[in-house]
$ cat input39.pdb   # PDB, C-alpha atoms, pLDDT in the B column
ATOM      1  CA  MET A   1       0.000   0.000   0.000  1.00 53.00           C
ATOM      2  CA  SER A   2       2.175   2.835  -1.169  1.00 60.00           C
ATOM      3  CA  PRO A   3       0.580   6.266  -1.195  1.00 62.00           C
ATOM      4  CA  ALA A   4       0.363   8.311  -4.366  1.00 67.00           C
ATOM      5  CA  ALA A   5       3.659   9.923  -5.339  1.00 70.00           C
ATOM      6  CA  PRO A   6       3.965  13.303  -3.655  1.00 73.00           C
ATOM      7  CA  LEU A   7       4.374  16.335  -5.904  1.00 78.00           C
ATOM      8  CA  HIS A   8       7.257  17.674  -3.856  1.00 80.00           C
ATOM      9  CA  ALA A   9       9.493  16.602  -0.995  1.00 78.00           C
ATOM     10  CA  ASP A  10       9.664  19.907   0.876  1.00 80.00           C
ATOM     11  CA  PRO A  11       9.292  19.283   4.623  1.00 80.00           C
ATOM     12  CA  GLY A  12       8.441  22.967   5.101  1.00 78.00           C
ATOM     13  CA  LEU A  13       5.184  22.402   3.165  1.00 88.00           C
ATOM     14  CA  GLN A  14       5.646  25.681   1.317  1.00 88.00           C
ATOM     15  CA  PRO A  15       2.997  25.079  -1.393  1.00 91.00           C
ATOM     16  CA  GLU A  16       0.401  24.055   1.213  1.00 92.00           C
ATOM     17  CA  ARG A  17       1.045  27.125   3.311  1.00 94.00           C
ATOM     18  CA  THR A  18       0.922  29.453   0.343  1.00 94.00           C
ATOM     19  CA  VAL A  19      -2.281  27.948  -1.027  1.00 95.00           C
ATOM     20  CA  LEU A  20      -3.880  28.142   2.432  1.00 96.00           C
ATOM     21  CA  SER A  21      -2.835  31.770   2.637  1.00 96.00           C
ATOM     22  CA  TRP A  22      -4.610  32.420  -0.663  1.00 96.00           C
ATOM     23  CA  GLY A  23      -7.614  30.553   0.760  1.00 96.00           C
ATOM     24  CA  ARG A  24      -7.759  32.850   3.780  1.00 96.00           C
ATOM     25  CA  THR A  25      -7.500  35.853   1.493  1.00 96.00           C
ATOM     26  CA  MET A  26     -10.340  34.450  -0.606  1.00 96.00           C
ATOM     27  CA  MET A  27     -12.529  34.137   2.480  1.00 96.00           C
ATOM     28  CA  LEU A  28     -11.777  37.699   3.510  1.00 96.00           C
ATOM     29  CA  PHE A  29     -12.862  38.941   0.071  1.00 96.00           C
ATOM     30  CA  ALA A  30     -16.129  37.069   0.606  1.00 96.00           C
ATOM     31  CA  VAL A  31     -16.509  38.685   4.057  1.00 95.00           C
ATOM     32  CA  VAL A  32     -15.877  42.154   2.637  1.00 95.00           C
ATOM     33  CA  GLY A  33     -18.489  41.476  -0.028  1.00 95.00           C
ATOM     34  CA  ALA A  34     -20.983  40.436   2.629  1.00 94.00           C
ATOM     35  CA  VAL A  35     -20.308  43.591   4.668  1.00 94.00           C
ATOM     36  CA  PHE A  36     -20.878  45.704   1.548  1.00 93.00           C
ATOM     37  CA  LEU A  37     -24.397  44.210   1.364  1.00 92.00           C
ATOM     38  CA  ARG A  38     -25.198  46.194   4.515  1.00 90.00           C
ATOM     39  CA  TRP A  39     -24.995  49.350   2.409  1.00 88.00           C
ATOM     40  CA  LEU A  40     -27.791  48.165   0.149  1.00 87.00           C
ATOM     41  CA  PRO A  41     -30.713  49.786   2.068  1.00 85.00           C
ATOM     42  CA  HIS A  42     -28.997  53.199   2.256  1.00 83.00           C
ATOM     43  CA  TYR A  43     -26.784  53.447  -0.821  1.00 84.00           C
ATOM     44  CA  GLY A  44     -28.956  51.841  -3.449  1.00 83.00           C
ATOM     45  CA  LEU A  45     -28.809  48.934  -5.780  1.00 86.00           C
ATOM     46  CA  TRP A  46     -25.346  49.662  -7.216  1.00 87.00           C
ATOM     47  CA  THR A  47     -23.681  48.404  -4.029  1.00 88.00           C
ATOM     48  CA  VAL A  48     -24.612  44.918  -5.220  1.00 92.00           C
ATOM     49  CA  GLY A  49     -21.902  45.550  -7.822  1.00 92.00           C
ATOM     50  CA  LEU A  50     -19.322  45.872  -5.034  1.00 93.00           C
ATOM     51  CA  THR A  51     -20.481  42.588  -3.533  1.00 94.00           C
ATOM     52  CA  LEU A  52     -20.399  40.922  -6.932  1.00 95.00           C
ATOM     53  CA  SER A  53     -16.862  42.203  -7.552  1.00 94.00           C
ATOM     54  CA  CYS A  54     -15.733  40.685  -4.263  1.00 95.00           C
ATOM     55  CA  ALA A  55     -17.424  37.434  -5.270  1.00 96.00           C
ATOM     56  CA  VAL A  56     -15.635  37.472  -8.630  1.00 96.00           C
ATOM     57  CA  VAL A  57     -12.229  37.955  -6.961  1.00 96.00           C
ATOM     58  CA  ALA A  58     -12.954  35.228  -4.404  1.00 96.00           C
ATOM     59  CA  GLY A  59     -14.173  32.929  -7.180  1.00 96.00           C
ATOM     60  CA  ALA A  60     -11.070  33.623  -9.258  1.00 96.00           C
ATOM     61  CA  ILE A  61      -8.822  32.708  -6.328  1.00 95.00           C
ATOM     62  CA  TYR A  62     -10.858  29.562  -5.726  1.00 96.00           C
ATOM     63  CA  ALA A  63     -10.700  28.556  -9.378  1.00 95.00           C
ATOM     64  CA  THR A  64      -6.895  28.925  -9.526  1.00 94.00           C
ATOM     65  CA  GLN A  65      -6.044  27.135  -6.253  1.00 93.00           C
ATOM     66  CA  ARG A  66      -5.449  23.713  -7.780  1.00 93.00           C
ATOM     67  CA  ARG A  67      -3.266  25.073 -10.533  1.00 93.00           C
ATOM     68  CA  ARG A  68      -1.392  27.202  -7.999  1.00 93.00           C
ATOM     69  CA  TYR A  69      -0.691  24.198  -5.800  1.00 92.00           C
ATOM     70  CA  SER A  70       0.583  22.047  -8.624  1.00 91.00           C
ATOM     71  CA  ARG A  71       2.681  24.875 -10.115  1.00 91.00           C
ATOM     72  CA  GLN A  72       4.305  25.655  -6.769  1.00 91.00           C
ATOM     73  CA  SER A  73       4.835  21.995  -5.912  1.00 90.00           C
ATOM     74  CA  ARG A  74       6.563  21.338  -9.218  1.00 89.00           C
ATOM     75  CA  GLY A  75       8.549  24.547  -8.726  1.00 89.00           C
ATOM     76  CA  ILE A  76       9.719  23.494  -5.266  1.00 89.00           C
ATOM     77  CA  ALA A  77      10.736  20.105  -6.671  1.00 87.00           C
ATOM     78  CA  ALA A  78      12.639  21.817  -9.513  1.00 87.00           C
ATOM     79  CA  GLU A  79      14.124  24.430  -7.113  1.00 86.00           C
ATOM     80  CA  GLN A  80      12.642  27.266  -9.135  1.00 86.00           C
ATOM     81  CA  VAL A  81       9.315  29.038  -8.702  1.00 87.00           C
ATOM     82  CA  GLU A  82       8.501  32.045 -10.816  1.00 87.00           C
ATOM     83  CA  ALA A  83       7.129  34.943  -8.783  1.00 87.00           C
ATOM     84  CA  ASP A  84       3.397  35.263  -9.486  1.00 89.00           C
ATOM     85  CA  VAL A  85       3.373  38.906 -10.586  1.00 91.00           C
ATOM     86  CA  PRO A  86      -0.106  38.901 -12.224  1.00 91.00           C
ATOM     87  CA  ALA A  87      -1.797  37.425  -9.138  1.00 93.00           C
ATOM     88  CA  VAL A  88      -0.153  40.000  -6.851  1.00 94.00           C
ATOM     89  CA  LEU A  89      -1.045  42.918  -9.121  1.00 94.00           C
ATOM     90  CA  ILE A  90      -4.642  41.814  -9.680  1.00 95.00           C
ATOM     91  CA  THR A  91      -5.230  41.229  -5.955  1.00 96.00           C
ATOM     92  CA  THR A  92      -3.782  44.646  -5.122  1.00 96.00           C
ATOM     93  CA  LEU A  93      -5.790  46.335  -7.863  1.00 96.00           C
ATOM     94  CA  ALA A  94      -9.023  44.689  -6.705  1.00 96.00           C
ATOM     95  CA  THR A  95      -8.438  45.746  -3.088  1.00 96.00           C
ATOM     96  CA  ALA A  96      -7.492  49.300  -4.037  1.00 96.00           C
ATOM     97  CA  VAL A  97     -10.464  49.753  -6.400  1.00 95.00           C
ATOM     98  CA  LEU A  98     -12.896  48.408  -3.785  1.00 95.00           C
ATOM     99  CA  GLY A  99     -11.439  50.845  -1.244  1.00 95.00           C
ATOM    100  CA  LEU A 100     -11.630  53.748  -3.670  1.00 95.00           C
ATOM    101  CA  LEU A 101     -15.263  53.020  -4.593  1.00 94.00           C
ATOM    102  CA  GLY A 102     -16.083  52.673  -0.894  1.00 93.00           C
ATOM    103  CA  ILE A 103     -14.565  56.078  -0.101  1.00 94.00           C
ATOM    104  CA  LEU A 104     -16.380  57.700  -3.028  1.00 93.00           C
ATOM    105  CA  ALA A 105     -19.680  56.144  -1.929  1.00 90.00           C
ATOM    106  CA  VAL A 106     -19.313  57.390   1.658  1.00 89.00           C
ATOM    107  CA  LEU A 107     -18.328  60.881   0.509  1.00 89.00           C
ATOM    108  CA  ALA A 108     -21.143  61.072  -2.043  1.00 86.00           C
ATOM    109  CA  GLN A 109     -23.690  60.077   0.583  1.00 80.00           C
ATOM    110  CA  SER A 110     -22.633  62.641   3.201  1.00 73.00           C
TER     111      SER A 110
ATOM    112  CA  MET B   1      23.621  40.280 -22.889  1.00 42.00           C
ATOM    113  CA  SER B   2      23.334  36.648 -23.856  1.00 42.00           C
ATOM    114  CA  GLU B   3      23.768  35.700 -20.194  1.00 46.00           C
ATOM    115  CA  ASP B   4      20.866  37.866 -19.148  1.00 49.00           C
ATOM    116  CA  PRO B   5      18.619  35.458 -17.225  1.00 49.00           C
ATOM    117  CA  VAL B   6      15.533  37.182 -18.645  1.00 47.00           C
ATOM    118  CA  ARG B   7      16.360  36.109 -22.183  1.00 48.00           C
ATOM    119  CA  ALA B   8      17.818  32.816 -21.050  1.00 49.00           C
ATOM    120  CA  ASP B   9      14.444  31.733 -19.721  1.00 59.00           C
ATOM    121  CA  PRO B  10      11.716  32.099 -22.364  1.00 57.00           C
ATOM    122  CA  GLN B  11       9.182  30.489 -20.018  1.00 70.00           C
ATOM    123  CA  ARG B  12       8.878  33.568 -17.822  1.00 79.00           C
ATOM    124  CA  GLY B  13       5.769  35.654 -18.181  1.00 81.00           C
ATOM    125  CA  ARG B  14       5.922  39.110 -19.728  1.00 83.00           C
ATOM    126  CA  LEU B  15       5.005  40.929 -16.522  1.00 84.00           C
ATOM    127  CA  SER B  16       7.625  39.218 -14.411  1.00 82.00           C
ATOM    128  CA  SER B  17      10.254  39.672 -17.116  1.00 83.00           C
ATOM    129  CA  ARG B  18       9.529  43.381 -17.110  1.00 84.00           C
ATOM    130  CA  LEU B  19       9.061  44.066 -13.389  1.00 86.00           C
ATOM    131  CA  LEU B  20      11.668  41.595 -12.143  1.00 86.00           C
ATOM    132  CA  ALA B  21      14.183  42.005 -14.928  1.00 84.00           C
ATOM    133  CA  HIS B  22      17.490  41.735 -13.091  1.00 85.00           C
ATOM    134  CA  GLY B  23      19.261  39.152 -11.015  1.00 83.00           C
ATOM    135  CA  GLN B  24      18.594  35.457 -10.644  1.00 86.00           C
ATOM    136  CA  GLU B  25      15.629  33.446  -9.464  1.00 86.00           C
ATOM    137  CA  PRO B  26      15.919  33.269  -5.660  1.00 88.00           C
ATOM    138  CA  ASP B  27      15.312  30.173  -3.556  1.00 89.00           C
ATOM    139  CA  PRO B  28      11.698  29.203  -4.345  1.00 89.00           C
ATOM    140  CA  ARG B  29      10.940  28.994  -0.610  1.00 91.00           C
ATOM    141  CA  PHE B  30      11.753  32.686  -0.275  1.00 91.00           C
ATOM    142  CA  THR B  31       9.578  33.580  -3.259  1.00 92.00           C
ATOM    143  CA  LEU B  32       6.641  31.725  -1.710  1.00 94.00           C
ATOM    144  CA  ALA B  33       7.311  33.245   1.716  1.00 94.00           C
ATOM    145  CA  ASN B  34       7.272  36.691   0.129  1.00 94.00           C
ATOM    146  CA  GLU B  35       3.953  35.847  -1.531  1.00 95.00           C
ATOM    147  CA  ARG B  36       2.468  34.780   1.812  1.00 95.00           C
ATOM    148  CA  THR B  37       3.704  37.962   3.465  1.00 95.00           C
ATOM    149  CA  PHE B  38       2.059  39.984   0.705  1.00 95.00           C
ATOM    150  CA  LEU B  39      -1.177  38.079   1.265  1.00 96.00           C
ATOM    151  CA  ALA B  40      -1.025  38.747   5.007  1.00 96.00           C
ATOM    152  CA  TRP B  41      -0.736  42.481   4.273  1.00 95.00           C
ATOM    153  CA  ILE B  42      -3.612  42.287   1.772  1.00 96.00           C
ATOM    154  CA  ARG B  43      -5.761  40.627   4.440  1.00 96.00           C
ATOM    155  CA  THR B  44      -4.828  43.450   6.821  1.00 94.00           C
ATOM    156  CA  ALA B  45      -5.908  45.924   4.150  1.00 95.00           C
ATOM    157  CA  LEU B  46      -9.163  44.029   3.587  1.00 96.00           C
ATOM    158  CA  ALA B  47      -9.821  44.046   7.344  1.00 95.00           C
ATOM    159  CA  PHE B  48      -9.466  47.849   7.397  1.00 93.00           C
ATOM    160  CA  LEU B  49     -11.722  48.056   4.343  1.00 95.00           C
ATOM    161  CA  ALA B  50     -14.377  45.897   5.999  1.00 95.00           C
ATOM    162  CA  GLY B  51     -14.001  47.928   9.194  1.00 93.00           C
ATOM    163  CA  GLY B  52     -14.588  51.209   7.391  1.00 92.00           C
ATOM    164  CA  VAL B  53     -17.595  49.837   5.538  1.00 93.00           C
ATOM    165  CA  ALA B  54     -18.986  48.428   8.791  1.00 91.00           C
ATOM    166  CA  VAL B  55     -18.579  51.742  10.643  1.00 88.00           C
ATOM    167  CA  GLU B  56     -20.672  53.403   7.950  1.00 87.00           C
ATOM    168  CA  ALA B  57     -23.248  50.600   7.936  1.00 84.00           C
ATOM    169  CA  PHE B  58     -23.632  49.620  11.595  1.00 78.00           C
ATOM    170  CA  ALA B  59     -22.488  52.482  13.786  1.00 70.00           C
ATOM    171  CA  ALA B  60     -25.172  55.080  13.046  1.00 70.00           C
ATOM    172  CA  GLU B  61     -26.188  55.185  16.748  1.00 71.00           C
ATOM    173  CA  VAL B  62     -22.622  55.315  18.062  1.00 69.00           C
ATOM    174  CA  PHE B  63     -21.205  58.176  16.007  1.00 71.00           C
ATOM    175  CA  ALA B  64     -22.967  61.342  14.895  1.00 73.00           C
ATOM    176  CA  ASP B  65     -23.070  61.891  11.154  1.00 77.00           C
ATOM    177  CA  PRO B  66     -19.972  63.957  10.288  1.00 81.00           C
ATOM    178  CA  TYR B  67     -17.748  61.928  12.627  1.00 81.00           C
ATOM    179  CA  ARG B  68     -18.991  58.651  11.256  1.00 85.00           C
ATOM    180  CA  THR B  69     -18.140  59.716   7.711  1.00 88.00           C
ATOM    181  CA  VAL B  70     -14.661  60.841   8.783  1.00 87.00           C
ATOM    182  CA  VAL B  71     -13.931  57.629  10.687  1.00 86.00           C
ATOM    183  CA  SER B  72     -15.210  55.506   7.825  1.00 89.00           C
ATOM    184  CA  VAL B  73     -13.260  57.341   5.110  1.00 92.00           C
ATOM    185  CA  LEU B  74     -10.066  57.333   7.198  1.00 89.00           C
ATOM    186  CA  THR B  75     -10.333  53.618   7.921  1.00 90.00           C
ATOM    187  CA  ILE B  76     -10.957  52.709   4.289  1.00 94.00           C
ATOM    188  CA  SER B  77      -8.086  55.009   3.234  1.00 93.00           C
ATOM    189  CA  VAL B  78      -5.716  53.153   5.535  1.00 91.00           C
ATOM    190  CA  GLY B  79      -6.796  49.901   3.905  1.00 93.00           C
ATOM    191  CA  LEU B  80      -6.186  51.446   0.488  1.00 94.00           C
ATOM    192  CA  LEU B  81      -2.689  52.643   1.469  1.00 92.00           C
ATOM    193  CA  ILE B  82      -1.789  49.277   2.996  1.00 92.00           C
ATOM    194  CA  SER B  83      -2.892  47.398  -0.129  1.00 94.00           C
ATOM    195  CA  VAL B  84      -0.704  49.587  -2.359  1.00 94.00           C
ATOM    196  CA  GLY B  85       2.142  49.359   0.170  1.00 92.00           C
ATOM    197  CA  ALA B  86       1.807  45.570   0.235  1.00 93.00           C
ATOM    198  CA  ALA B  87       2.368  45.305  -3.514  1.00 94.00           C
ATOM    199  CA  MET B  88       5.308  47.749  -3.432  1.00 93.00           C
ATOM    200  CA  ARG B  89       6.912  45.892  -0.563  1.00 93.00           C
ATOM    201  CA  TRP B  90       6.423  42.553  -2.304  1.00 94.00           C
ATOM    202  CA  LEU B  91       8.104  43.922  -5.418  1.00 93.00           C
ATOM    203  CA  ASN B  92      10.988  45.492  -3.486  1.00 92.00           C
ATOM    204  CA  VAL B  93      11.628  42.332  -1.487  1.00 93.00           C
ATOM    205  CA  GLU B  94      11.486  40.184  -4.630  1.00 92.00           C
ATOM    206  CA  ARG B  95      13.965  42.494  -6.381  1.00 91.00           C
ATOM    207  CA  SER B  96      16.327  42.503  -3.386  1.00 92.00           C
ATOM    208  CA  MET B  97      16.239  38.717  -3.210  1.00 91.00           C
ATOM    209  CA  ARG B  98      17.004  38.417  -6.910  1.00 91.00           C
ATOM    210  CA  LEU B  99      20.024  40.690  -6.546  1.00 91.00           C
ATOM    211  CA  GLY B 100      21.196  39.183  -3.267  1.00 88.00           C
ATOM    212  CA  ARG B 101      20.809  42.493  -1.458  1.00 88.00           C
ATOM    213  CA  PRO B 102      19.632  42.930   2.139  1.00 86.00           C
ATOM    214  CA  LEU B 103      15.855  43.188   2.391  1.00 86.00           C
ATOM    215  CA  PRO B 104      14.417  46.726   2.521  1.00 86.00           C
ATOM    216  CA  MET B 105      12.907  48.202   5.670  1.00 83.00           C
ATOM    217  CA  PRO B 106       9.149  47.708   5.902  1.00 82.00           C
ATOM    218  CA  LEU B 107       7.702  51.210   5.602  1.00 81.00           C
ATOM    219  CA  ILE B 108       4.142  49.971   5.960  1.00 81.00           C
ATOM    220  CA  ILE B 109       4.705  48.775   9.535  1.00 86.00           C
ATOM    221  CA  PRO B 110       5.025  52.325  10.958  1.00 88.00           C
ATOM    222  CA  LEU B 111       2.068  53.289   8.756  1.00 84.00           C
ATOM    223  CA  LEU B 112      -0.012  50.464  10.219  1.00 86.00           C
ATOM    224  CA  SER B 113       0.998  51.270  13.819  1.00 89.00           C
ATOM    225  CA  PHE B 114       0.275  54.959  13.364  1.00 88.00           C
ATOM    226  CA  ALA B 115      -3.072  54.333  11.680  1.00 84.00           C
ATOM    227  CA  SER B 116      -4.184  51.839  14.329  1.00 85.00           C
ATOM    228  CA  GLY B 117      -3.195  54.257  17.091  1.00 89.00           C
ATOM    229  CA  VAL B 118      -5.048  57.162  15.508  1.00 87.00           C
ATOM    230  CA  ALA B 119      -8.123  55.033  14.839  1.00 81.00           C
ATOM    231  CA  MET B 120      -8.282  53.855  18.452  1.00 85.00           C
ATOM    232  CA  ALA B 121      -7.751  57.373  19.799  1.00 88.00           C
ATOM    233  CA  VAL B 122     -10.532  58.754  17.592  1.00 83.00           C
ATOM    234  CA  VAL B 123     -12.954  56.020  18.608  1.00 80.00           C
ATOM    235  CA  ILE B 124     -12.166  56.434  22.335  1.00 87.00           C
ATOM    236  CA  VAL B 125     -12.620  60.210  22.122  1.00 86.00           C
ATOM    237  CA  LEU B 126     -15.899  59.886  20.213  1.00 80.00           C
ATOM    238  CA  VAL B 127     -17.315  57.253  22.565  1.00 81.00           C
ATOM    239  CA  VAL B 128     -16.319  59.242  25.679  1.00 84.00           C
ATOM    240  CA  LEU B 129     -17.713  62.507  24.275  1.00 78.00           C
ATOM    241  CA  ASP B 130     -20.980  60.883  23.301  1.00 69.00           C
TER     242      ASP B 130
END
$ encode --input "input39.pdb" --output "structure tokens"
Amino acid sequence: MSPAAPLHADPGLQPERTVLSWGRTMMLFAVVGAVFLRWLPHYGLWTVGLTLSCAVVAGAIYATQRRRYSRQSRGIAAEQVEADVPAVLITTLATAVLGLLGILAVLAQS
Amino acid sequence: MSEDPVRADPQRGRLSSRLLAHGQEPDPRFTLANERTFLAWIRTALAFLAGGVAVEAFAAEVFADPYRTVVSVLTISVGLLISVGAAMRWLNVERSMRLGRPLPMPLIIPLLSFASGVAMAVVIVLVVLD
């Protein structure tokens, strides 16, 4: 009874930890989207767009988790992982745009 | 130029070839650790964002109107600054690792400490005055 061949032999479990970190980030995007729903009664229907954007980002992270794990595991095994520039930039952009829209909404309301 | 690692590795993406042009690929463990640190900062930014949105949504009885707007905008702004700072720090650390330089000082840590301190002071003052 030999288990399936592991993708990498890193005892530090780097790919697991990184993928879990993305998972926590994904959940926080979902939480932020849920909090935005609280604006719906006061700010109008467009706030659903903010919630949907959060859902899209969370869904995109979820959809790429498997590929991320296998890419990082193979990278650890080959001793070379390319830095994931697009993921970092997109995550930052999404957070910054959500913040900016939130500020504009609060200022427009007051 | 033929030894330039950017050209030597055609498998690299365009963005990483452009933004991380120099030096050599660092230890993959460090690259992943840098990614996790970035994500931890992004979650901090998202927490500030959610906090600011929640102040505006839930705290109507706690803070009078102008104060609530100020607290909410300030909190969301901190989240915005931290998210941009997280990406810049990630890029700077990645560049330093590629060039074998010492890692840069984290400028967003004093920003975070200052912002948290100010936020708590404002909330305490507003709650006591109320």
$ closest_residue --input "input39.pdb" --among "B:Val118, B:Ala64, B:Val123, B:Ile42" --to "B:Arg89" --atoms "only C-alpha atoms"
B:Ile42
$ closest_residue --input "input39.pdb" --among "B:Leu107, B:Met120, B:Ala33, B:Ala59" --to "B:Glu94" --atoms "all atoms listed in the file"
B:Ala33
$ closest_atom_pairs --input "input39.pdb" --of "chain A" --to "chain B" --cutoff "6 Å" --atoms "only C-alpha atoms" --output "JSON lines"
{"residue": "A:Thr18", "atom": "CA", "partner": "B:Arg36", "partner_atom": "CA", "distance": 5.7}
{"residue": "A:Thr25", "atom": "CA", "partner": "B:Arg43", "partner_atom": "CA", "distance": 5.9}
{"residue": "A:Val32", "atom": "CA", "partner": "B:Ala50", "partner_atom": "CA", "distance": 5.3}
{"residue": "A:Arg38", "atom": "CA", "partner": "B:Ala57", "partner_atom": "CA", "distance": 5.9}
{"residue": "A:Trp39", "atom": "CA", "partner": "B:Ala57", "partner_atom": "CA", "distance": 5.9}
{"residue": "A:Gln80", "atom": "CA", "partner": "B:Pro28", "partner_atom": "CA", "distance": 5.3}
{"residue": "A:Val81", "atom": "CA", "partner": "B:Pro28", "partner_atom": "CA", "distance": 5.0}
{"residue": "A:Val85", "atom": "CA", "partner": "B:Ser16", "partner_atom": "CA", "distance": 5.7}
{"residue": "A:Thr92", "atom": "CA", "partner": "B:Ser83", "partner_atom": "CA", "distance": 5.8}
{"residue": "A:Ala96", "atom": "CA", "partner": "B:Leu80", "partner_atom": "CA", "distance": 5.2}
{"residue": "A:Gly99", "atom": "CA", "partner": "B:Leu80", "partner_atom": "CA", "distance": 5.6}
{"residue": "A:Ile103", "atom": "CA", "partner": "B:Val73", "partner_atom": "CA", "distance": 5.5}
$ write_last_selection --input "input39.pdb" --atoms "C-alpha atoms" --output "compact mmCIF listing (two decimals), in the frame of the given file"
# COMPACT_ATOMS: atom_id res chain seq x y z
CA THR A 18 0.92 29.45 0.34
CA THR A 25 -7.50 35.85 1.49
CA VAL A 32 -15.88 42.15 2.64
CA ARG A 38 -25.20 46.19 4.51
CA TRP A 39 -25.00 49.35 2.41
CA GLN A 80 12.64 27.27 -9.14
CA VAL A 81 9.32 29.04 -8.70
CA VAL A 85 3.37 38.91 -10.59
CA THR A 92 -3.78 44.65 -5.12
CA ALA A 96 -7.49 49.30 -4.04
CA GLY A 99 -11.44 50.84 -1.24
CA ILE A 103 -14.56 56.08 -0.10
$ residues_around --input "input39.pdb" --residues "A:His8" --least-positions-apart "6" --cutoff "10 Å" --atoms "only C-alpha atoms" --output "PDB file with C-alpha atoms, in the coordinates of the input"
ATOM      1  CA  GLN A  14       5.646  25.681   1.317  1.00 88.00           C
ATOM      2  CA  PRO A  15       2.997  25.079  -1.393  1.00 91.00           C
ATOM      3  CA  SER A  70       0.583  22.047  -8.624  1.00 91.00           C
ATOM      4  CA  GLN A  72       4.305  25.655  -6.769  1.00 91.00           C
ATOM      5  CA  SER A  73       4.835  21.995  -5.912  1.00 90.00           C
ATOM      6  CA  ARG A  74       6.563  21.338  -9.218  1.00 89.00           C
ATOM      7  CA  GLY A  75       8.549  24.547  -8.726  1.00 89.00           C
ATOM      8  CA  ILE A  76       9.719  23.494  -5.266  1.00 89.00           C
ATOM      9  CA  ALA A  77      10.736  20.105  -6.671  1.00 87.00           C
ATOM     10  CA  ALA A  78      12.639  21.817  -9.513  1.00 87.00           C
TER      11      ALA A  78
END
$ axis_aligned_box --input "input39.pdb" --around "stretch 42-45 of chain A" --padding-each-side "8 Å" --output "lines of an AutoDock Vina configuration file"
center_x = -27.9
center_y = 51.2
center_z = -1.8
size_x = 18.2
size_y = 20.5
size_z = 24.0
$ atom_distance --input "input39.pdb" --atom1 "atom CA of A:Gly49" --atom2 "atom CA of A:Val106"
15.4 Å
$ atom_distance --input "input39.pdb" --atom1 "atom CA of B:Glu61" --atom2 "atom CA of B:Ala121"
18.8 Å
$ decode --input "input39.pdb" --residues "stretch 48-63 of chain B" --atoms "N, CA and C atoms" --output "mmCIF file, in the first residue's frame"
data_model
loop_
_atom_site.group_PDB
_atom_site.id
_atom_site.type_symbol
_atom_site.label_atom_id
_atom_site.label_comp_id
_atom_site.auth_asym_id
_atom_site.auth_seq_id
_atom_site.Cartn_x
_atom_site.Cartn_y
_atom_site.Cartn_z
ATOM 1 N N PHE B 48 -9.191 46.415 7.243
ATOM 2 C CA PHE B 48 -9.466 47.849 7.397
ATOM 3 C C PHE B 48 -10.638 48.269 6.500
ATOM 4 N N LEU B 49 -10.639 47.741 5.277
ATOM 5 C CA LEU B 49 -11.722 48.056 4.343
ATOM 6 C C LEU B 49 -13.067 47.629 4.931
ATOM 7 N N ALA B 50 -13.133 46.384 5.419
ATOM 8 C CA ALA B 50 -14.377 45.897 5.999
ATOM 9 C C ALA B 50 -14.751 46.723 7.231
ATOM 10 N N GLY B 51 -13.729 47.115 8.014
ATOM 11 C CA GLY B 51 -14.001 47.928 9.194
ATOM 12 C C GLY B 51 -14.620 49.267 8.823
ATOM 13 N N GLY B 52 -14.057 49.914 7.819
ATOM 14 C CA GLY B 52 -14.588 51.209 7.391
ATOM 15 C C GLY B 52 -16.007 51.087 6.859
ATOM 16 N N VAL B 53 -16.248 50.055 6.077
ATOM 17 C CA VAL B 53 -17.595 49.837 5.538
ATOM 18 C C VAL B 53 -18.563 49.557 6.674
ATOM 19 N N ALA B 54 -18.108 48.779 7.672
ATOM 20 C CA ALA B 54 -18.986 48.428 8.791
ATOM 21 C C ALA B 54 -19.306 49.648 9.645
ATOM 22 N N VAL B 55 -18.310 50.530 9.867
ATOM 23 C CA VAL B 55 -18.579 51.742 10.643
ATOM 24 C C VAL B 55 -19.716 52.525 9.994
ATOM 25 N N GLU B 56 -19.641 52.644 8.664
ATOM 26 C CA GLU B 56 -20.672 53.403 7.950
ATOM 27 C C GLU B 56 -22.020 52.677 7.999
ATOM 28 N N ALA B 57 -21.991 51.354 8.033
ATOM 29 C CA ALA B 57 -23.248 50.600 7.936
ATOM 30 C C ALA B 57 -23.892 50.354 9.298
ATOM 31 N N PHE B 58 -23.077 50.100 10.326
ATOM 32 C CA PHE B 58 -23.632 49.620 11.595
ATOM 33 C C PHE B 58 -23.644 50.665 12.698
ATOM 34 N N ALA B 59 -22.757 51.666 12.608
ATOM 35 C CA ALA B 59 -22.488 52.482 13.786
ATOM 36 C C ALA B 59 -23.252 53.800 13.780
ATOM 37 N N ALA B 60 -24.434 53.821 13.139
ATOM 38 C CA ALA B 60 -25.172 55.080 13.046
ATOM 39 C C ALA B 60 -25.548 55.619 14.425
ATOM 40 N N GLU B 61 -25.791 54.712 15.411
ATOM 41 C CA GLU B 61 -26.188 55.185 16.748
ATOM 42 C C GLU B 61 -24.973 55.585 17.582
ATOM 43 N N VAL B 62 -23.803 55.056 17.237
ATOM 44 C CA VAL B 62 -22.622 55.315 18.062
ATOM 45 C C VAL B 62 -22.001 56.667 17.722
ATOM 46 N N PHE B 63 -21.864 56.934 16.428
ATOM 47 C CA PHE B 63 -21.205 58.176 16.007
ATOM 48 C C PHE B 63 -22.206 59.086 15.292
#
